[in-house]
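Shown here: my_file34.cif, mmCIF, C-alpha atoms and all ligand atoms.
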data_start
#
loop_
_atom_site.label_atom_id
_atom_site.label_comp_id
_atom_site.auth_asym_id
_atom_site.auth_seq_id
_atom_site.Cartn_x
_atom_site.Cartn_y
_atom_site.Cartn_z
CA MET Y 14 -13.64 -41.97 2.40
CA LEU Y 15 -15.58 -39.66 4.72
CA SER Y 16 -13.91 -36.36 5.57
CA TYR Y 17 -16.71 -34.32 7.19
CA ARG Y 18 -16.07 -33.43 10.85
CA HIS Y 19 -18.94 -31.88 12.77
CA SER Y 20 -16.45 -30.33 15.23
CA PHE Y 21 -16.13 -27.38 12.81
CA HIS Y 22 -19.86 -26.71 13.02
CA ALA Y 23 -20.91 -27.72 16.54
CA GLY Y 24 -23.41 -25.44 18.24
CA ASN Y 25 -24.21 -23.43 15.10
CA PHE Y 26 -27.73 -22.22 14.25
CA ALA Y 27 -28.48 -25.54 12.54
CA ASP Y 28 -27.62 -27.49 15.69
CA VAL Y 29 -29.91 -25.23 17.73
CA LEU Y 30 -33.01 -26.17 15.71
CA LYS Y 31 -31.94 -29.82 15.31
CA HIS Y 32 -31.32 -30.30 19.02
CA ILE Y 33 -34.47 -28.44 20.14
CA ILE Y 34 -36.57 -30.77 17.97
CA LEU Y 35 -34.62 -33.79 19.22
CA ILE Y 36 -35.27 -32.77 22.84
CA GLN Y 37 -38.97 -32.05 22.28
CA SER Y 38 -39.47 -35.38 20.48
CA VAL Y 39 -37.82 -37.39 23.25
CA GLU Y 40 -39.61 -35.43 25.98
CA TYR Y 41 -42.89 -36.22 24.23
CA LEU Y 42 -42.14 -39.97 24.26
CA LYS Y 43 -41.47 -39.68 28.00
CA LYS Y 44 -45.01 -38.49 28.63
CA LYS Y 45 -46.07 -42.15 28.56
CA ASP Y 46 -44.69 -44.62 31.03
CA LYS Y 47 -43.89 -47.26 28.39
CA PRO Y 48 -40.23 -47.58 27.31
CA PHE Y 49 -38.99 -46.40 23.93
CA CYS Y 50 -35.96 -46.78 21.68
CA CYS Y 51 -34.03 -43.91 20.04
CA ILE Y 52 -31.88 -44.54 16.99
CA ASP Y 53 -29.28 -41.96 15.96
CA THR Y 54 -28.10 -43.04 12.49
CA HIS Y 55 -25.34 -40.39 12.14
CA ALA Y 56 -24.15 -39.93 15.71
CA GLY Y 57 -20.90 -37.98 15.20
CA PRO Y 58 -18.22 -37.88 17.94
CA GLY Y 59 -20.65 -37.35 20.84
CA ARG Y 60 -19.28 -34.09 22.22
CA TYR Y 61 -17.34 -31.05 21.07
CA GLU Y 62 -14.74 -28.78 22.65
CA LEU Y 63 -15.61 -25.24 21.58
CA ASP Y 64 -12.14 -24.00 22.54
CA SER Y 65 -10.53 -26.48 20.13
CA GLU Y 66 -8.78 -25.55 16.90
CA TYR Y 67 -11.67 -27.08 14.92
CA ALA Y 68 -14.46 -25.09 16.57
CA LEU Y 69 -12.44 -21.87 16.70
CA LYS Y 70 -11.64 -22.00 12.96
CA ASN Y 71 -14.92 -20.36 11.95
CA ARG Y 72 -16.53 -19.96 15.40
CA GLU Y 73 -19.82 -21.29 14.02
CA PHE Y 74 -21.13 -21.65 17.58
CA ASP Y 75 -21.35 -17.84 17.60
CA THR Y 76 -24.23 -18.13 15.10
CA GLY Y 77 -26.19 -20.45 17.40
CA ILE Y 78 -25.74 -21.39 21.04
CA GLY Y 79 -23.36 -18.43 21.53
CA LYS Y 80 -26.19 -15.96 20.82
CA LEU Y 81 -28.48 -17.66 23.35
CA TRP Y 82 -25.98 -18.26 26.15
CA ASN Y 83 -26.50 -15.03 28.07
CA CYS Y 84 -30.12 -14.31 27.10
CA ASN Y 85 -32.46 -13.97 30.07
CA ASP Y 86 -35.73 -13.89 28.17
CA LEU Y 87 -35.63 -17.23 26.36
CA PRO Y 88 -38.90 -18.91 25.33
CA GLU Y 89 -39.53 -22.00 27.47
CA LEU Y 90 -38.38 -24.60 24.91
CA VAL Y 91 -35.21 -22.70 24.13
CA ALA Y 92 -34.54 -22.27 27.86
CA HIS Y 93 -34.86 -26.05 28.29
CA TYR Y 94 -32.38 -26.65 25.45
CA VAL Y 95 -29.88 -24.10 26.82
CA SER Y 96 -30.17 -25.57 30.33
CA LEU Y 97 -29.23 -29.02 28.95
CA ILE Y 98 -26.17 -27.53 27.23
CA LYS Y 99 -25.24 -25.67 30.45
CA ARG Y 100 -24.97 -29.00 32.29
CA PHE Y 101 -21.83 -29.65 30.22
CA ASN Y 102 -20.33 -26.26 31.12
CA ASN Y 103 -20.19 -26.18 34.88
CA THR Y 104 -17.85 -23.18 35.00
CA GLY Y 105 -20.62 -21.07 33.43
CA LYS Y 106 -18.47 -20.31 30.39
CA LEU Y 107 -19.45 -21.85 27.05
CA THR Y 108 -16.58 -24.22 26.17
CA ARG Y 109 -18.33 -27.55 25.51
CA TYR Y 110 -21.20 -28.63 23.34
CA PRO Y 111 -22.87 -32.04 23.57
CA GLY Y 112 -23.74 -33.83 20.35
CA SER Y 113 -27.04 -35.58 19.76
CA PRO Y 114 -25.89 -38.79 21.57
CA LEU Y 115 -25.11 -37.01 24.83
CA ILE Y 116 -28.22 -34.84 24.63
CA THR Y 117 -30.43 -37.93 24.19
CA LYS Y 118 -28.55 -39.82 26.90
CA GLN Y 119 -29.40 -37.09 29.41
CA LEU Y 120 -33.10 -37.52 28.65
CA LEU Y 121 -33.29 -41.34 28.78
CA ARG Y 122 -34.98 -43.11 31.64
CA GLU Y 123 -33.66 -46.39 33.07
CA LYS Y 124 -35.99 -48.44 30.82
CA ASP Y 125 -35.30 -46.59 27.51
CA ARG Y 126 -32.66 -47.45 24.91
CA LEU Y 127 -30.38 -45.52 22.54
CA CYS Y 128 -28.67 -47.05 19.48
CA LEU Y 129 -25.87 -45.01 17.91
CA PHE Y 130 -24.21 -45.49 14.52
CA GLU Y 131 -21.15 -43.72 13.13
CA LEU Y 132 -19.09 -44.59 10.07
CA HIS Y 133 -16.04 -42.30 10.32
CA ASN Y 134 -12.97 -44.11 11.71
CA THR Y 135 -11.92 -41.26 14.02
CA GLU Y 136 -15.40 -40.14 15.07
CA ILE Y 137 -16.42 -43.65 16.17
CA LYS Y 138 -13.43 -43.77 18.55
CA LEU Y 139 -14.32 -40.35 19.98
CA LEU Y 140 -17.97 -41.38 20.29
CA THR Y 141 -17.09 -44.55 22.17
CA ALA Y 142 -14.84 -42.55 24.51
CA ALA Y 143 -17.46 -39.82 25.05
CA LEU Y 144 -20.14 -42.23 26.28
CA ASP Y 145 -19.32 -44.15 29.43
CA LYS Y 146 -20.40 -47.76 29.56
CA ASP Y 147 -24.16 -47.72 29.87
CA LYS Y 148 -26.35 -50.79 29.40
CA ARG Y 149 -29.06 -48.66 27.76
CA ILE Y 150 -26.72 -47.53 24.96
CA HIS Y 151 -25.48 -49.54 22.01
CA ILE Y 152 -22.75 -48.06 19.76
CA ALA Y 153 -21.74 -49.48 16.38
CA HIS Y 154 -19.19 -48.58 13.71
CA ALA Y 155 -21.63 -49.04 10.85
CA ASP Y 156 -23.73 -47.39 8.17
CA GLY Y 157 -26.59 -46.04 10.26
CA LEU Y 158 -29.16 -46.14 7.48
CA ASN Y 159 -28.73 -49.88 6.82
CA ALA Y 160 -28.04 -50.90 10.40
CA GLY Y 161 -30.84 -48.68 11.76
CA LEU Y 162 -33.33 -50.22 9.35
CA LYS Y 163 -32.54 -53.69 10.67
CA LEU Y 164 -33.53 -52.60 14.20
CA LEU Y 165 -37.05 -51.70 13.11
CA PRO Y 166 -39.56 -52.14 14.51
CA PRO Y 167 -37.99 -51.88 17.97
CA PHE Y 168 -39.39 -54.37 20.46
CA GLU Y 169 -40.76 -51.48 22.52
CA ARG Y 170 -42.93 -50.48 19.51
CA ARG Y 171 -42.28 -46.85 20.45
CA GLY Y 172 -39.37 -44.98 18.98
CA PHE Y 173 -37.63 -41.96 17.54
CA VAL Y 174 -35.12 -42.07 14.69
CA LEU Y 175 -32.77 -39.12 14.12
CA ILE Y 176 -31.20 -39.00 10.65
CA ASP Y 177 -28.51 -36.34 10.55
CA PRO Y 178 -26.31 -36.90 7.48
CA SER Y 179 -23.48 -34.63 6.41
CA TYR Y 180 -24.65 -34.72 2.75
CA GLU Y 181 -21.01 -35.10 1.74
CA ILE Y 182 -22.05 -37.37 -1.08
CA LYS Y 183 -24.68 -35.89 -3.40
CA SER Y 184 -26.56 -39.23 -3.54
CA ASP Y 185 -27.26 -38.79 0.21
CA TYR Y 186 -30.34 -36.74 -0.72
CA GLN Y 187 -31.83 -39.69 -2.62
CA GLN Y 188 -30.52 -42.27 -0.16
CA VAL Y 189 -32.28 -40.69 2.83
CA VAL Y 190 -35.63 -40.78 1.03
CA GLU Y 191 -35.21 -44.48 0.15
CA SER Y 192 -34.14 -45.27 3.71
CA LEU Y 193 -37.04 -43.36 5.23
CA ALA Y 194 -39.50 -45.18 2.97
CA ALA Y 195 -38.02 -48.55 3.96
CA MET Y 196 -37.93 -47.65 7.66
CA HIS Y 197 -41.50 -46.39 7.60
CA LYS Y 198 -42.63 -49.60 5.89
CA ARG Y 199 -41.21 -51.64 8.78
CA PHE Y 200 -42.28 -49.28 11.57
CA ALA Y 201 -45.07 -46.97 10.44
CA THR Y 202 -45.86 -45.51 13.86
CA GLY Y 203 -42.31 -44.37 14.67
CA THR Y 204 -41.27 -40.72 14.71
CA TYR Y 205 -38.51 -39.88 12.23
CA ALA Y 206 -36.59 -36.59 12.05
CA LEU Y 207 -34.42 -35.85 9.04
CA TRP Y 208 -32.03 -32.90 9.16
CA TYR Y 209 -31.28 -30.99 5.94
CA PRO Y 210 -29.14 -27.97 4.99
CA VAL Y 211 -30.18 -25.26 2.52
CA VAL Y 212 -27.20 -24.68 0.25
CA ASP Y 213 -28.90 -24.93 -3.12
CA ARG Y 214 -32.69 -24.52 -2.80
CA ARG Y 215 -33.38 -26.74 -5.83
CA ARG Y 216 -32.01 -29.74 -3.95
CA ASN Y 217 -34.40 -29.03 -1.08
CA GLN Y 218 -37.36 -28.81 -3.40
CA GLU Y 219 -36.39 -32.15 -4.94
CA LEU Y 220 -36.01 -33.68 -1.48
CA GLU Y 221 -39.45 -32.44 -0.39
CA HIS Y 222 -41.12 -33.68 -3.58
CA ALA Y 223 -39.41 -37.06 -3.31
CA LEU Y 224 -40.65 -37.46 0.25
CA GLN Y 225 -44.18 -36.50 -0.76
CA ALA Y 226 -44.00 -39.04 -3.61
CA THR Y 227 -43.37 -41.89 -1.11
CA GLY Y 228 -46.99 -41.57 0.01
CA ILE Y 229 -45.94 -41.42 3.68
CA LYS Y 230 -48.53 -39.46 5.65
CA ASN Y 231 -48.16 -36.93 8.47
CA ILE Y 232 -44.96 -35.11 7.51
CA GLN Y 233 -44.09 -31.66 8.89
CA LEU Y 234 -41.21 -29.41 7.91
CA PHE Y 235 -39.54 -26.88 10.25
CA GLU Y 236 -36.88 -24.58 8.81
CA LEU Y 237 -34.76 -21.79 10.24
CA GLY Y 238 -32.76 -19.45 8.00
CA ILE Y 239 -30.25 -16.83 9.04
CA ARG Y 240 -30.04 -15.17 5.65
CA ALA Y 241 -31.87 -15.25 2.34
CA ASP Y 242 -31.23 -18.06 -0.17
CA SER Y 243 -28.12 -17.32 -2.20
CA ASN Y 244 -26.09 -18.68 -5.10
CA GLU Y 245 -22.93 -18.11 -3.11
CA HIS Y 246 -21.24 -20.94 -1.25
CA GLY Y 247 -22.44 -21.79 2.24
CA MET Y 248 -25.46 -22.82 4.26
CA THR Y 249 -28.09 -20.11 4.63
CA ALA Y 250 -30.76 -22.15 6.40
CA SER Y 251 -31.45 -25.65 7.65
CA GLY Y 252 -34.41 -27.65 8.78
CA MET Y 253 -35.90 -30.80 10.13
CA ILE Y 254 -38.49 -32.88 8.30
CA VAL Y 255 -40.46 -34.87 10.85
CA ILE Y 256 -42.65 -37.88 10.11
CA ASN Y 257 -45.29 -38.58 12.76
CA PRO Y 258 -44.25 -35.55 14.83
CA PRO Y 259 -45.46 -35.18 18.40
CA TRP Y 260 -48.88 -33.55 17.93
CA THR Y 261 -47.71 -30.63 20.07
CA LEU Y 262 -44.63 -29.88 17.95
CA ALA Y 263 -46.13 -27.64 15.25
CA ALA Y 264 -47.73 -25.35 17.83
CA GLU Y 265 -44.46 -25.21 19.81
CA MET Y 266 -42.48 -24.38 16.68
CA ARG Y 267 -44.95 -21.67 15.66
CA GLN Y 268 -44.04 -19.92 18.90
CA VAL Y 269 -40.31 -20.56 18.92
CA LEU Y 270 -39.14 -20.42 15.29
CA PRO Y 271 -40.03 -16.76 14.59
CA TRP Y 272 -38.23 -15.83 17.82
CA LEU Y 273 -35.14 -17.83 16.81
CA ALA Y 274 -35.21 -16.30 13.31
CA ASP Y 275 -35.25 -12.87 14.89
CA VAL Y 276 -32.45 -13.54 17.38
CA LEU Y 277 -30.17 -15.72 15.22
CA GLY Y 278 -30.82 -14.07 11.84
CA ASN Y 279 -28.11 -11.94 10.22
CA ASP Y 280 -29.07 -8.25 10.22
CA GLY Y 281 -32.82 -8.83 10.16
CA GLN Y 282 -32.61 -11.45 7.38
CA GLY Y 283 -33.70 -14.38 9.56
CA PHE Y 284 -36.75 -16.35 8.44
CA CYS Y 285 -38.59 -19.55 9.19
CA ARG Y 286 -40.82 -22.01 7.36
CA ILE Y 287 -43.35 -24.34 8.91
CA GLN Y 288 -45.07 -26.50 6.37
CA THR Y 289 -47.14 -29.66 6.22
CA LEU Y 290 -45.61 -31.82 3.49
CA ALA Y 291 -48.20 -34.56 3.96
CA ASN Y 292 -51.41 -34.58 5.96
CA GLU Y 293 -52.25 -37.20 8.59
N1 LIG B 301 -25.81 -36.04 14.96
C1 LIG B 301 -24.57 -35.40 15.37
C2 LIG B 301 -24.88 -34.32 16.39
O1 LIG B 301 -26.00 -33.77 16.37
O2 LIG B 301 -24.02 -34.07 17.22
C3 LIG B 301 -23.80 -34.83 14.21
C4 LIG B 301 -23.62 -35.76 13.06
S1 LIG B 301 -22.73 -35.12 11.69
C5 LIG B 301 -23.79 -33.95 11.00
C6 LIG B 301 -22.85 -36.46 10.56
C7 LIG B 301 -22.01 -37.67 10.95
O3 LIG B 301 -22.42 -38.77 10.16
C8 LIG B 301 -20.52 -37.51 10.70
O4 LIG B 301 -19.83 -37.76 11.89
C9 LIG B 301 -20.20 -38.59 9.64
O5 LIG B 301 -18.94 -39.19 9.85
C10 LIG B 301 -21.29 -39.59 9.87
N2 LIG B 301 -21.69 -40.44 8.73
C11 LIG B 301 -21.69 -40.14 7.41
N3 LIG B 301 -22.28 -41.13 6.71
C12 LIG B 301 -22.68 -42.07 7.61
C13 LIG B 301 -23.40 -43.30 7.54
N4 LIG B 301 -23.79 -43.78 6.36
N5 LIG B 301 -23.64 -43.98 8.68
C14 LIG B 301 -23.23 -43.50 9.88
N6 LIG B 301 -22.57 -42.34 10.03
C15 LIG B 301 -22.31 -41.62 8.92
#

Kindly transcribe the structure held in the file into structure tokens.
Amino acid sequence: MLSYRHSFHAGNFADVLKHIILIQSVEYLKKKDKPFCCIDTHAGPGRYELDSEYALKNREFDTGIGKLWNCNDLPELVAHYVSLIKRFNNTGKLTRYPGSPLITKQLLREKDRLCLFELHNTEIKLLTAALDKDKRIHIAHADGLNAGLKLLPPFERRGFVLIDPSYEIKSDYQQVVESLAAMHKRFATGTYALWYPVVDRRRNQELEHALQATGIKNIQLFELGIRADSNEHGMTASGMIVINPPWTLAAEMRQVLPWLADVLGNDGQGFCRIQTLANE
């Protein structure tokens, strides 16, 4: 049974990087007039109340969006991200945080589609309630890796797949590689973004090697850490591995990630990694 609830973590430093890359990837697809399809395999509950008991337990949003909320000198991409989050907080105070489904929904055009999958019995109800009826959006209580695969290739032949697992089950690390290989086989031109935490660096190295061993080309990694790797419990960094990234993304991240590492890092310990895992 799944027990992970993202409400404890919403708006933390990991969400900042994840959602900036989500926004930039969708914005890039919008540069062409043709419609596209977004698939969010691990959608979560859709939105988060930052004044709830869950979010206030560890105040993780203070490590991420909270540090950016009142900054006046944000780099352009970060300013765009913060302005999207501000649309959910019309009093000016930070009390709400949209999840990936609501962020993507804001960016969709009339002709684009969004398919959302969530497996947790409570989260799927919250997700359905958080998204008003919208003919562009399809929500299913299902395993997003299997169900998402069946949607590929989308009829639009243009698409973005966000894979944002909780890694509650250790086999998730292997499962995401197998799923990405299968998805890429069916839809080789799609853009895929896989989120990962850094809790035990060996697992990340294995994940990166396993992805390289699939033979998939054009893979970029973007990582943001707030403190050095450690043997102690807890996430020190997180990243996104992007297959077929927008060609502008690496240059954008080279500008933004060092800034984020500086602003979000703990006592000067912030760092970032930008790496090509596989060439085009
Ligand atoms: N993407 C969300 C966001 O950015 O707001 C957060 C998602 S959270 C990290 C991961 C979610 O995946 C949890 O809500 C969990 O219940 C769900 N989940 C876990 N395994 C799943 C699976 N196989 N298929 C669909 N959802 C799954």

All residues 8 Å or closer to stretch 262-266 of chain Y, all atoms listed in the file, same chain fewer than 3 positions away omitted, as a list in words: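 Those residues are Gln37, Ser38, Leu90, Gln233, Phe235, Pro258, Pro259, Val269, Leu270 and Ile287 of chain Y.
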
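Among Y:Tyr61, Y:Trp272, Y:Phe101, Y:Tyr67, the residue with the shortest atom-to-atom distance to ligand LIG 301 (chain B), counting all atoms listed in the file, is Y:Tyr61.
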
Proximity check chain Y to ligand LIG 301 (chain B), 8 Å, nearest pairs one decimal Å, only C-alpha atoms and all ligand atoms, as a tab-separated table:
residue	atom	partner	partner_atom	distance
Y:Leu15	CA	B:LIG301	O5	6.2
Y:Ser16	CA	B:LIG301	O5	7.2
Y:Tyr17	CA	B:LIG301	O5	6.0
Y:Arg18	CA	B:LIG301	O4	5.8
Y:His19	CA	B:LIG301	S1	5.1
Y:Ala23	CA	B:LIG301	O2	7.1
Y:Asp28	CA	B:LIG301	O1	6.5
Y:Lys31	CA	B:LIG301	O1	7.2
Y:His32	CA	B:LIG301	O1	6.9
Y:Asp53	CA	B:LIG301	N1	6.9
Y:Thr54	CA	B:LIG301	C14	5.5
Y:His55	CA	B:LIG301	O3	3.9
Y:Ala56	CA	B:LIG301	N1	4.3
Y:Gly57	CA	B:LIG301	O4	3.5
Y:Pro58	CA	B:LIG301	O4	6.3
Y:Gly59	CA	B:LIG301	O2	5.9
Y:Arg60	CA	B:LIG301	O2	6.9
Y:Pro111	CA	B:LIG301	O2	6.8
Y:Gly112	CA	B:LIG301	O2	3.2
Y:Ser113	CA	B:LIG301	O1	4.0
Y:Pro114	CA	B:LIG301	O2	6.7
Y:Phe130	CA	B:LIG301	C14	5.1
Y:Glu131	CA	B:LIG301	N6	3.7
Y:Leu132	CA	B:LIG301	N6	4.1
Y:His133	CA	B:LIG301	O5	4.3
Y:Asn134	CA	B:LIG301	O5	8.0
Y:Glu136	CA	B:LIG301	O4	5.9
Y:His154	CA	B:LIG301	C14	7.5
Y:Ala155	CA	B:LIG301	C14	5.8
Y:Asp156	CA	B:LIG301	N5	3.4
Y:Gly157	CA	B:LIG301	N5	3.9
Y:Leu158	CA	B:LIG301	N4	6.0
Y:Asn159	CA	B:LIG301	N4	7.9
Y:Leu175	CA	B:LIG301	N1	7.7
Y:Ile176	CA	B:LIG301	N1	7.5
Y:Asp177	CA	B:LIG301	N1	5.2
Y:Pro178	CA	B:LIG301	C6	4.7
Y:Ser179	CA	B:LIG301	C6	4.6
Y:Tyr180	CA	B:LIG301	C11	7.7
Y:Glu181	CA	B:LIG301	C11	7.6

Near-Y:Lys43 list (10 Å; all atoms listed in the file; drop same-chain fewer than 6 positions) as a list of chain:residue names: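 Answer for this query is Y:Gln37, Y:Phe49, Y:Leu120, Y:Leu121, Y:Arg122, Y:Asp125.
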
Find the residues around Y:Glu169 up to 8 Å (all atoms listed in the file counted), leave out those fewer than 4 positions away in its own chain, and share them as a PDB file with C-alpha atoms, keeping the file's coordinate frame.
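Listing of selection_32.pdb after writing:
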ATOM      1  CA  LYS Y  47     -43.890 -47.260  28.390  1.00  0.00           C
ATOM      2  CA  PRO Y  48     -40.230 -47.580  27.310  1.00  0.00           C
ATOM      3  CA  PHE Y  49     -38.990 -46.400  23.930  1.00  0.00           C
ATOM      4  CA  CYS Y  50     -35.960 -46.780  21.680  1.00  0.00           C
TER       5      CYS Y  50
END

Which of Y:Phe26, Y:Thr289, Y:Leu164, Y:Glu73 sits closest to Y:Arg240 [using all atoms listed in the file]: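 Smallest separation from Y:Arg240 among the options: Y:Phe26.
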
Y:Cys285 environment, 10 Å, only C-alpha atoms, sequence neighbours closer than 5 positions dropped, as a ChimeraX atom specification: /Y:235-239,250-252,266-267,269-275,278

For Y:Tyr186: contacts at 10 Å, only C-alpha atoms, fewer than 4 positions along chain excluded, given as a ChimeraX atom specification: /Y:178,180-182,190-191,209,216-217,219-220,223

From Y:Cys128, Y:Val211, Y:Leu81, Y:Leu144, residue lying nearest Y:Ser96 [all atoms listed in the file]: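 So, comparing all the options, the nearest one is Y:Leu81.
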
Interatomic distance (Å, one decimal) between atom CA of Y:Ile34 and atom CA of Y:Leu207: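 For atom CA of Y:Ile34 relative to atom CA of Y:Leu207, the distance reads 10.5 Å.
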